[in-house]
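Q: Supplied structure: run-v4.txt, compact mmCIF, C-alpha atoms and all ligand atoms.
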```txt
# COMPACT_ATOMS: atom_id res chain seq x y z
CA MET A 321 192.43 76.87 128.10
CA SER A 322 188.72 77.66 127.95
CA PHE A 323 188.31 80.99 126.25
CA ASP A 324 185.35 82.20 124.23
CA PRO A 325 185.93 85.41 122.27
CA ASN A 326 182.17 85.77 121.85
CA SER A 327 181.90 86.41 125.58
CA LEU A 328 184.15 89.48 125.13
CA LEU A 329 182.22 90.84 122.17
CA ARG A 330 180.45 94.20 122.55
CA LYS A 331 176.88 93.49 123.55
CA HIS A 332 175.18 95.19 120.59
CA LEU A 333 177.18 93.01 118.17
CA VAL A 334 176.05 89.70 119.62
CA ASN A 335 172.88 89.64 117.56
CA LEU A 336 173.82 92.16 114.88
CA LYS A 337 172.94 90.91 111.42
CA SER A 338 175.79 91.58 109.00
CA TYR A 339 175.33 92.78 105.45
CA SER A 340 174.72 89.92 103.08
CA SER A 341 176.36 90.77 99.78
CA ALA A 342 175.38 89.43 96.36
CA ARG A 343 178.61 87.41 96.44
CA ASP A 344 177.63 85.90 99.79
CA GLU A 345 174.30 84.67 98.54
CA TYR A 346 175.54 83.03 95.34
CA THR A 347 179.14 81.86 95.40
CA GLY A 348 179.30 79.97 92.09
CA LYS A 349 181.55 81.22 89.31
CA GLU A 350 179.45 80.19 86.30
CA GLY A 351 176.31 81.96 85.17
CA VAL A 352 174.76 85.18 84.03
CA PHE A 353 175.43 87.65 86.80
CA LEU A 354 172.60 90.13 87.13
CA ASP A 355 172.66 90.29 90.92
CA ALA A 356 175.07 93.06 91.91
CA ASN A 357 174.20 96.02 89.67
CA GLU A 358 177.62 95.79 88.03
CA ASN A 359 178.43 97.15 84.59
CA PRO A 360 178.38 94.19 82.15
CA TYR A 361 180.62 95.84 79.51
CA GLY A 362 183.89 96.19 81.37
CA SER A 363 185.80 99.08 82.93
CA ALA A 364 186.07 102.59 81.54
CA GLY A 365 189.49 103.66 80.34
CA VAL A 366 191.55 100.67 81.51
CA LYS A 367 192.50 97.46 79.70
CA GLU A 368 191.89 95.07 82.58
CA ALA A 369 188.27 94.44 83.51
CA TYR A 370 187.44 95.36 87.10
CA ASN A 371 183.70 95.58 86.61
CA ARG A 372 182.96 92.66 88.94
CA TYR A 373 183.03 92.86 92.73
CA PRO A 374 185.94 90.93 94.27
CA ASP A 375 185.66 87.77 96.39
CA PRO A 376 184.55 89.13 99.81
CA TYR A 377 186.48 86.38 101.66
CA GLN A 378 189.51 86.26 99.32
CA GLN A 379 189.55 82.46 99.23
CA GLU A 380 192.29 82.04 96.61
CA VAL A 381 194.59 84.50 98.37
CA LYS A 382 193.94 82.75 101.68
CA GLN A 383 194.72 79.34 100.17
CA ALA A 384 198.08 80.67 98.98
CA ILE A 385 198.82 82.21 102.39
CA ALA A 386 197.67 79.03 104.17
CA LYS A 387 200.26 77.01 102.23
CA ILE A 388 203.12 79.41 102.86
CA LYS A 389 202.32 79.88 106.56
CA ASN A 390 201.16 76.30 107.18
CA ILE A 391 197.90 77.42 108.71
CA ASP A 392 194.18 76.75 107.99
CA THR A 393 192.32 79.26 105.82
CA GLU A 394 189.69 79.52 108.60
CA SER A 395 192.36 81.06 110.82
CA ILE A 396 193.18 83.84 108.34
CA PHE A 397 191.58 87.28 108.14
CA LEU A 398 192.76 89.72 105.47
CA GLY A 399 192.55 93.47 105.82
CA ASN A 400 193.26 96.65 103.92
CA GLY A 401 196.69 96.80 105.57
CA SER A 402 197.23 95.72 109.19
CA ASP A 403 195.52 98.94 110.16
CA GLU A 404 192.15 97.41 109.29
CA PRO A 405 192.30 94.39 111.64
CA ILE A 406 193.71 96.66 114.39
CA ASP A 407 190.66 98.91 114.02
CA LEU A 408 188.19 96.03 113.65
CA LEU A 409 189.49 94.28 116.77
CA ILE A 410 188.99 97.44 118.81
CA ARG A 411 185.56 98.02 117.31
CA ALA A 412 184.49 94.43 117.94
CA PHE A 413 185.64 94.07 121.53
CA CYS A 414 185.99 97.50 123.14
CA GLU A 415 182.97 99.44 124.38
CA PRO A 416 183.67 103.16 123.67
CA GLY A 417 184.07 105.28 126.78
CA LYS A 418 184.35 102.18 128.94
CA ASP A 419 186.76 99.46 127.80
CA LYS A 420 190.48 99.95 127.25
CA VAL A 421 193.47 98.56 125.44
CA ILE A 422 196.98 98.16 126.84
CA THR A 423 200.03 99.29 124.88
CA VAL A 424 203.70 98.99 125.81
CA PRO A 425 205.45 102.15 124.60
CA PRO A 426 207.65 102.88 122.80
CA THR A 427 205.72 100.98 120.15
CA TYR A 428 203.77 101.30 116.91
CA GLY A 429 201.52 104.36 117.04
CA MET A 430 198.47 102.91 115.29
CA TYR A 431 197.21 100.99 118.33
CA GLU A 432 196.75 104.22 120.27
CA VAL A 433 195.40 106.16 117.27
CA SER A 434 192.87 103.45 116.46
CA ALA A 435 191.79 103.27 120.11
CA GLY A 436 191.44 107.06 120.16
CA VAL A 437 189.33 107.13 117.00
CA ASN A 438 187.03 104.62 118.66
CA ASP A 439 186.92 106.54 121.97
CA VAL A 440 188.63 103.64 123.70
CA GLY A 441 191.09 104.37 126.51
CA VAL A 442 194.75 103.37 126.41
CA VAL A 443 196.61 102.05 129.44
CA LYS A 444 200.36 102.37 128.89
CA VAL A 445 202.81 99.99 130.53
CA PRO A 446 206.20 101.15 129.23
CA LEU A 447 208.91 98.76 128.10
CA ASN A 448 212.00 98.87 130.29
CA GLU A 449 215.24 100.58 129.24
CA ASN A 450 216.25 97.45 127.33
CA PHE A 451 213.00 97.68 125.36
CA GLN A 452 211.69 94.51 127.01
CA LEU A 453 208.32 93.89 128.68
CA ASP A 454 207.37 94.78 132.22
CA VAL A 455 205.46 91.53 132.58
CA LYS A 456 204.32 92.18 136.15
CA GLY A 457 203.25 95.70 135.21
CA VAL A 458 201.11 94.41 132.34
CA ILE A 459 199.49 91.77 134.55
CA SER A 460 198.69 94.27 137.29
CA ALA A 461 197.25 96.69 134.70
CA ALA A 462 195.01 93.94 133.32
CA GLY A 463 191.35 93.79 134.26
CA SER A 464 188.05 92.75 132.76
CA ASP A 465 187.83 96.11 130.93
CA THR A 466 191.31 95.93 129.32
CA LYS A 467 190.08 93.90 126.38
CA ILE A 468 193.15 93.92 124.15
CA LEU A 469 196.88 93.88 124.85
CA PHE A 470 198.89 95.13 121.86
CA LEU A 471 202.44 93.78 121.61
CA CYS A 472 204.84 94.15 118.72
CA SER A 473 207.81 91.86 118.03
CA PRO A 474 210.17 92.81 116.47
CA ASN A 475 209.06 96.10 117.96
CA ASN A 476 208.76 99.36 116.05
CA PRO A 477 210.54 101.80 116.54
CA THR A 478 213.10 99.96 118.66
CA GLY A 479 213.76 97.08 116.22
CA ASN A 480 214.24 94.31 118.79
CA LEU A 481 212.42 91.02 119.30
CA ILE A 482 210.51 90.85 122.57
CA ARG A 483 211.69 87.96 124.78
CA LYS A 484 209.68 84.88 123.91
CA GLU A 485 209.34 83.65 127.50
CA ASP A 486 207.69 86.96 128.41
CA LEU A 487 205.27 86.71 125.49
CA PHE A 488 204.36 83.16 126.51
CA THR A 489 203.85 84.28 130.11
CA LEU A 490 201.47 87.02 129.01
CA LEU A 491 199.62 84.70 126.63
CA HIS A 492 199.02 82.39 129.59
CA GLN A 493 198.20 85.06 132.15
CA PHE A 494 196.48 87.93 130.31
CA PRO A 495 192.74 87.42 130.73
CA ASN A 496 191.60 88.88 127.40
CA LEU A 497 192.91 89.19 123.83
CA VAL A 498 196.62 89.43 123.05
CA VAL A 499 197.74 90.87 119.71
CA ILE A 500 201.31 90.17 118.64
CA ASP A 501 202.19 92.37 115.69
CA GLU A 502 204.83 90.59 113.59
CA ALA A 503 205.14 93.10 110.74
CA TYR A 504 208.93 92.55 110.73
CA ILE A 505 209.11 88.84 111.57
CA ASP A 506 210.55 87.92 108.13
CA PHE A 507 213.71 89.87 108.99
CA ALA A 508 214.09 88.30 112.44
CA PRO A 509 216.02 85.19 113.50
CA ASP A 510 212.79 83.74 114.90
CA ALA A 511 209.73 81.95 113.54
CA GLY A 512 207.28 84.06 115.56
CA PHE A 513 204.03 82.82 117.07
CA LEU A 514 202.18 81.26 114.14
CA PRO A 515 203.43 77.79 115.12
CA HIS A 516 201.83 78.33 118.57
CA LEU A 517 198.55 79.85 117.39
CA HIS A 518 196.48 76.72 118.03
CA ARG A 519 197.59 76.65 121.68
CA PHE A 520 196.30 80.14 122.48
CA PRO A 521 192.65 80.91 121.70
CA ASN A 522 193.20 84.49 122.91
CA LEU A 523 196.07 85.17 120.47
CA ILE A 524 195.91 87.23 117.29
CA VAL A 525 199.10 87.40 115.21
CA LEU A 526 199.34 90.31 112.77
CA GLN A 527 201.58 90.16 109.73
CA THR A 528 201.70 92.27 106.59
CA LEU A 529 202.87 92.22 102.99
CA SER A 530 204.05 95.85 103.40
CA LYS A 531 207.61 95.16 104.52
CA ALA A 532 209.49 91.97 103.53
CA TRP A 533 207.22 91.28 100.56
CA GLY A 534 207.64 94.82 99.22
CA LEU A 535 203.91 95.42 98.71
CA ALA A 536 203.20 98.43 100.93
CA GLY A 537 201.35 100.16 98.09
CA VAL A 538 199.04 97.21 97.54
CA ARG A 539 197.67 97.23 101.14
CA LEU A 540 197.37 93.74 102.49
CA GLY A 541 197.48 92.94 106.20
CA MET A 542 196.96 89.50 107.69
CA ALA A 543 195.46 88.58 111.04
CA PHE A 544 195.87 84.98 112.18
CA ALA A 545 193.60 83.81 114.98
CA SER A 546 191.10 81.16 116.03
CA PRO A 547 188.26 80.55 113.54
CA GLU A 548 185.91 82.09 116.15
CA ILE A 549 187.83 85.38 116.15
CA VAL A 550 188.12 85.36 112.35
CA THR A 551 184.34 84.87 112.12
CA ILE A 552 183.78 87.90 114.35
CA LEU A 553 186.06 90.09 112.20
CA ASN A 554 184.34 88.87 109.03
CA ARG A 555 180.96 89.82 110.48
CA ILE A 556 181.88 93.47 110.98
CA LYS A 557 184.26 94.15 108.08
CA PRO A 558 183.19 96.11 105.00
CA PRO A 559 181.98 93.43 102.54
CA TYR A 560 184.58 93.96 99.80
CA ASN A 561 187.53 95.19 101.87
CA ILE A 562 190.26 93.77 99.63
CA ALA A 563 190.16 95.21 96.11
CA ALA A 564 190.34 92.96 93.04
CA PRO A 565 193.72 94.39 91.84
CA THR A 566 195.14 93.78 95.31
CA GLN A 567 193.92 90.18 95.34
CA GLY A 568 195.38 89.60 91.87
CA ILE A 569 198.77 91.14 92.60
CA VAL A 570 199.00 89.34 95.93
CA ARG A 571 198.26 85.95 94.35
CA GLU A 572 201.01 86.59 91.83
CA ALA A 573 203.48 87.73 94.50
CA LEU A 574 202.78 84.80 96.82
CA GLY A 575 203.76 82.49 93.98
CA ASN A 576 207.33 83.70 94.35
CA VAL A 577 208.43 83.16 97.94
CA LEU A 578 212.04 82.92 96.74
CA ALA A 579 211.94 86.49 95.41
CA LYS A 580 210.86 87.66 98.87
CA GLU A 581 213.56 85.60 100.58
CA LYS A 582 216.23 86.96 98.24
CA MET A 583 215.21 90.54 99.04
CA VAL A 584 215.18 89.81 102.77
CA ALA A 585 218.69 88.32 102.51
CA ASP A 586 219.90 91.37 100.57
CA ILE A 587 218.35 93.76 103.09
CA LEU A 588 219.95 91.90 106.01
CA GLU A 589 223.32 92.01 104.28
CA GLN A 590 222.89 95.75 103.73
CA LYS A 591 221.88 96.16 107.35
CA ASN A 592 225.10 94.60 108.60
CA TRP A 593 227.15 96.72 106.25
CA LEU A 594 225.29 99.91 107.17
CA GLU A 595 225.68 99.18 110.89
CA ASP A 596 229.45 98.84 110.49
CA GLN A 597 229.68 102.06 108.50
CA LEU A 598 227.49 104.04 110.89
CA GLU A 599 229.45 102.82 113.87
CA ALA A 600 232.56 104.39 112.41
CA LEU A 601 230.98 107.86 112.23
CA PRO A 602 231.92 110.16 115.11
CA ILE A 603 228.38 111.57 115.43
CA VAL A 604 226.87 108.14 116.00
CA GLN A 605 226.66 107.54 119.74
CA HIS A 606 224.81 104.25 119.76
CA ILE A 607 223.13 101.80 117.42
CA TYR A 608 220.49 99.64 119.07
CA PRO A 609 220.59 95.97 118.02
CA SER A 610 217.87 95.34 115.44
CA ASP A 611 215.95 92.25 114.38
CA ALA A 612 214.10 94.23 111.69
CA ASN A 613 214.87 96.18 108.51
CA PHE A 614 215.56 99.43 110.32
CA MET A 615 217.63 100.60 113.23
CA LEU A 616 217.44 103.10 116.00
CA VAL A 617 220.54 105.30 116.02
CA ARG A 618 221.38 107.75 118.80
CA VAL A 619 223.06 111.00 117.82
CA PRO A 620 223.65 114.38 119.49
CA LYS A 621 221.05 117.00 118.45
CA PRO A 622 218.75 114.61 116.59
CA LYS A 623 216.35 117.31 115.38
CA GLU A 624 219.12 119.34 113.80
CA ILE A 625 220.65 116.28 112.19
CA TYR A 626 217.25 115.12 110.95
CA GLN A 627 216.74 118.52 109.29
CA PHE A 628 220.28 118.56 107.91
CA LEU A 629 219.68 115.14 106.33
CA ILE A 630 216.45 116.40 104.75
CA ASP A 631 218.41 119.31 103.27
CA GLN A 632 220.64 116.63 101.72
CA LYS A 633 217.48 114.88 100.43
CA VAL A 634 217.87 111.95 102.79
CA ILE A 635 214.75 111.32 104.85
CA VAL A 636 214.84 109.35 108.09
CA ARG A 637 212.41 109.30 111.00
CA ASP A 638 212.97 111.51 114.04
CA ARG A 639 211.96 109.42 117.06
CA SER A 640 213.75 111.57 119.64
CA ASN A 641 210.50 112.63 121.34
CA VAL A 642 209.44 109.03 121.89
CA MET A 643 209.75 107.45 125.35
CA HIS A 644 213.20 105.85 125.97
CA CYS A 645 214.31 106.99 122.49
CA HIS A 646 215.94 110.31 123.37
CA GLY A 647 218.40 111.35 120.69
CA CYS A 648 217.24 108.64 118.31
CA LEU A 649 216.65 108.61 114.60
CA ARG A 650 214.99 105.56 113.06
CA ILE A 651 216.73 104.64 109.86
CA THR A 652 215.31 102.17 107.34
CA VAL A 653 217.86 99.98 105.56
CA GLY A 654 217.90 100.94 101.90
CA THR A 655 219.73 99.69 98.83
CA ARG A 656 223.51 99.97 98.83
CA ALA A 657 223.27 103.24 96.85
CA GLU A 658 220.68 104.67 99.24
CA ASN A 659 222.74 103.66 102.27
CA GLU A 660 225.79 105.28 100.72
CA ALA A 661 223.80 108.49 100.20
CA LEU A 662 222.80 108.41 103.87
CA LEU A 663 226.39 107.84 105.00
CA LYS A 664 227.67 110.60 102.74
CA ALA A 665 225.14 113.04 104.21
CA MET A 666 225.89 111.91 107.77
CA ALA A 667 229.61 112.40 107.14
CA LEU A 668 228.91 116.03 106.18
CA VAL A 669 227.40 116.77 109.57
CA LYS A 670 229.86 119.05 111.28
CA GLU A 671 230.69 117.46 114.57
CA ASP A 672 231.43 120.76 116.27
CA SER A 673 228.18 122.42 115.17
CA PHE A 674 226.07 119.58 116.52
CA ALA A 675 228.06 118.55 119.55
CA ASN A 676 226.23 118.79 122.88
C1 LIG B 1 204.69 98.84 109.02
C2 LIG B 1 203.96 98.24 110.16
C3 LIG B 1 202.74 97.60 109.95
C4 LIG B 1 202.18 97.48 108.58
O1 LIG B 1 200.98 98.13 108.44
P1 LIG B 1 200.20 97.92 107.06
O2 LIG B 1 198.93 98.65 107.36
O3 LIG B 1 200.01 96.45 106.90
O4 LIG B 1 201.01 98.52 105.98
C5 LIG B 1 202.11 97.01 111.02
N1 LIG B 1 202.66 97.04 112.25
C6 LIG B 1 203.84 97.62 112.48
C7 LIG B 1 204.44 97.58 113.82
C8 LIG B 1 204.51 98.27 111.44
O5 LIG B 1 205.68 98.87 111.68
```
Can you turn what I pasted into structure tokens?

A:
Amino acid sequence: MSFDPNSLLRKHLVNLKSYSSARDEYTGKEGVFLDANENPYGSAGVKEAYNRYPDPYQQEVKQAIAKIKNIDTESIFLGNGSDEPIDLLIRAFCEPGKDKVITVPPTYGMYEVSAGVNDVGVVKVPLNENFQLDVKGVISAAGSDTKILFLCSPNNPTGNLIRKEDLFTLLHQFPNLVVIDEAYIDFAPDAGFLPHLHRFPNLIVLQTLSKAWGLAGVRLGMAFASPEIVTILNRIKPPYNIAAPTQGIVREALGNVLAKEKMVADILEQKNWLEDQLEALPIVQHIYPSDANFMLVRVPKPKEIYQFLIDQKVIVRDRSNVMHCHGCLRITVGTRAENEALLKAMALVKEDSFAN
């Protein structure tokens, strides 16, 4: 497939000169560093020294990710959470007030928020009642001005994998960029699209350390794409977008894939158990099948039950106003003790007071 992301780039970026940081101009590690106006003595009030700017391209972190994901470092872009590459992609390719993105609701809210912040329109092609793609609808909504199609698999808030054949069809037929957000792929019985990245120059796969790796507080999102797309993102990102503590913690964490896999296995075991327990509760009307670490659960009077659970100090997400999710709460799988607390609170809900 002939596809040049540079031809989709916003015009004013084509010749834009990016900031050249001190760490761009001299990349050696040895020497007397008097080039970045850093404090030579160390850091005030903390034991660790953070007085030096971090690696702007996070090479050591990328090498670790490259090994785990079996992908070249040139195909990896790292962001301050996945939110950063979502925003940068829109800023790079979508002309405000003119271009658009396509989303397939119900889905992750950040695509629309990020588009809105950038004054970029959103064309919505809803998923069907089974939370699967309307492939024909997406293709007929596509035009030269719909620069990015945002897909999410497993999808949030519905929890299901999107059918792979449909994703392949769209990758072949969508004329512009296709983002597949795989924030929950580690929980799913599927390898996702990284193994197919090299076949689709219009594909960007998003993953994150916020979920399976348990590093939401550290903020590290990953975008995998062609080296051409990665180069574009690098040109417009803030120079030092991944903090030194983040890079250090991430390198340490990536050295222990088994710890991540153990947690994923435990979470999946808890999910099965929680599903069984929830199913037995009279107020639970339906549990949607989930390929992630959360599930969508339909109850009568979701708002009242949501509030009742808060009163019991159990916090879930009310998704009942979201398209196709009427009556639904989104419940994250917790530890056994947390899940028991949820079940205990749910069991206290008086059926008669909340019945339709
Ligand atoms: C949680 C989540 C993310 C992660 O965002 P970060 O900014 O990396 O924490 C991305 N996409 C989806 C669909 C999510 O649910």

Q: Would you compute the distance between atom CA of Asp486 of chain A and atom CA of Leu453 of chain A? Give it in Å to one decimal.

A: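 Computed distance, atom CA of Asp486 of chain A to atom CA of Leu453 of chain A, equals 7.0 Å.
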
Q: Name each residue within 8 Å of ligand LIG 1 (chain B), counting only C-alpha atoms and all ligand atoms, as number ranges by chain.

A: A: 400-404, 427-428, 430, 472-477, 501-504, 526-531, 536, 539-542

Q: So which residues touch Met666 of chain A within 12 Å, counting all atoms listed in the file, skipping near sequence neighbours fewer than 5 positions away, as a PyMOL selection string?

A: chain A and resi 597-604+617+619+622+624-636+649+651+659-661+671+674

Q: Contacts of Glu432 of chain A at 10 Å or less, counting all atoms listed in the file, minus same-chain residues fewer than 4 places along, as a list in words?

A: Val421, Ile422, Thr423, Pro425, Thr427, Tyr428, Gly436, Val437, Asn438, Val440, Gly441, Val442, Val443, Lys444 and Phe470 of chain A

Q: Give me the residues within 10 Å of Asp324 of chain A as a PyMOL selection string, counting all atoms listed in the file and dropping any in the same chain fewer than 6 places off.

A: chain A and resi 496+521-522+548-549

Q: With only C-alpha atoms as the basis for distance, which of A:Val458, A:Thr466, A:Ile391, A:Pro405 is at the shortest distance from Pro446 of chain A?

A: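 So, comparing all the options, the nearest one is A:Val458.
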
Q: From the options A:Arg618, A:Lys557, A:Lys591, A:Lys664, which residue's atoms come nearest to Leu408 of chain A, counting all atoms listed in the file?

A: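 That would be A:Lys557, the residue with the smallest distance to Leu408 of chain A.
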
Q: Excluding segment 336-349 of chain A and residues on its chain fewer than 3 positions from it, collect all residues at most 12 Å away from it, counting all atoms listed in the file, and give them as a PyMOL selection string.

A: chain A and resi 329-333+352-358+372-379+412+551-560

Q: If you measure from atom CA of Ile505 of chain A to atom CA of Ala545 of chain A, what distance in Å do you get, rounded to one decimal?

A: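 Rounded to one decimal, the two atoms are 16.7 Å apart.
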
Q: Expressed in Å to a single decimal, how great is the separation between atom CA of Ala667 of chain A and atom CA of Leu594 of chain A?

A: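 These two atoms are separated by 13.2 Å.
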
Q: With all atoms listed in the file as the basis for distance, which of A:Leu481, A:Leu490, A:Leu471, A:Ala511 is at the shortest distance from Ile459 of chain A?

A: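 The closest residue to Ile459 of chain A is A:Leu490.
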
Q: For a quick check of understanding, using only C-alpha atoms, which of A:Trp533, A:His492, A:Ser363, A:Glu394 has the smallest distance to Asn576 of chain A?

A: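 Smallest separation from Asn576 of chain A among the options: A:Trp533.
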
Q: With all atoms listed in the file as the basis for distance, which of A:Ile482, A:Ile410, A:Ala543, A:Leu447 is at the shortest distance from Val433 of chain A?

A: A:Ile410

Q: For Glu368 of chain A, which of A:Thr489, A:Cys414, A:Phe323, A:Ala564 is the closest residue, counting only C-alpha atoms?

A: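 The answer is A:Ala564, which sits nearest to Glu368 of chain A.
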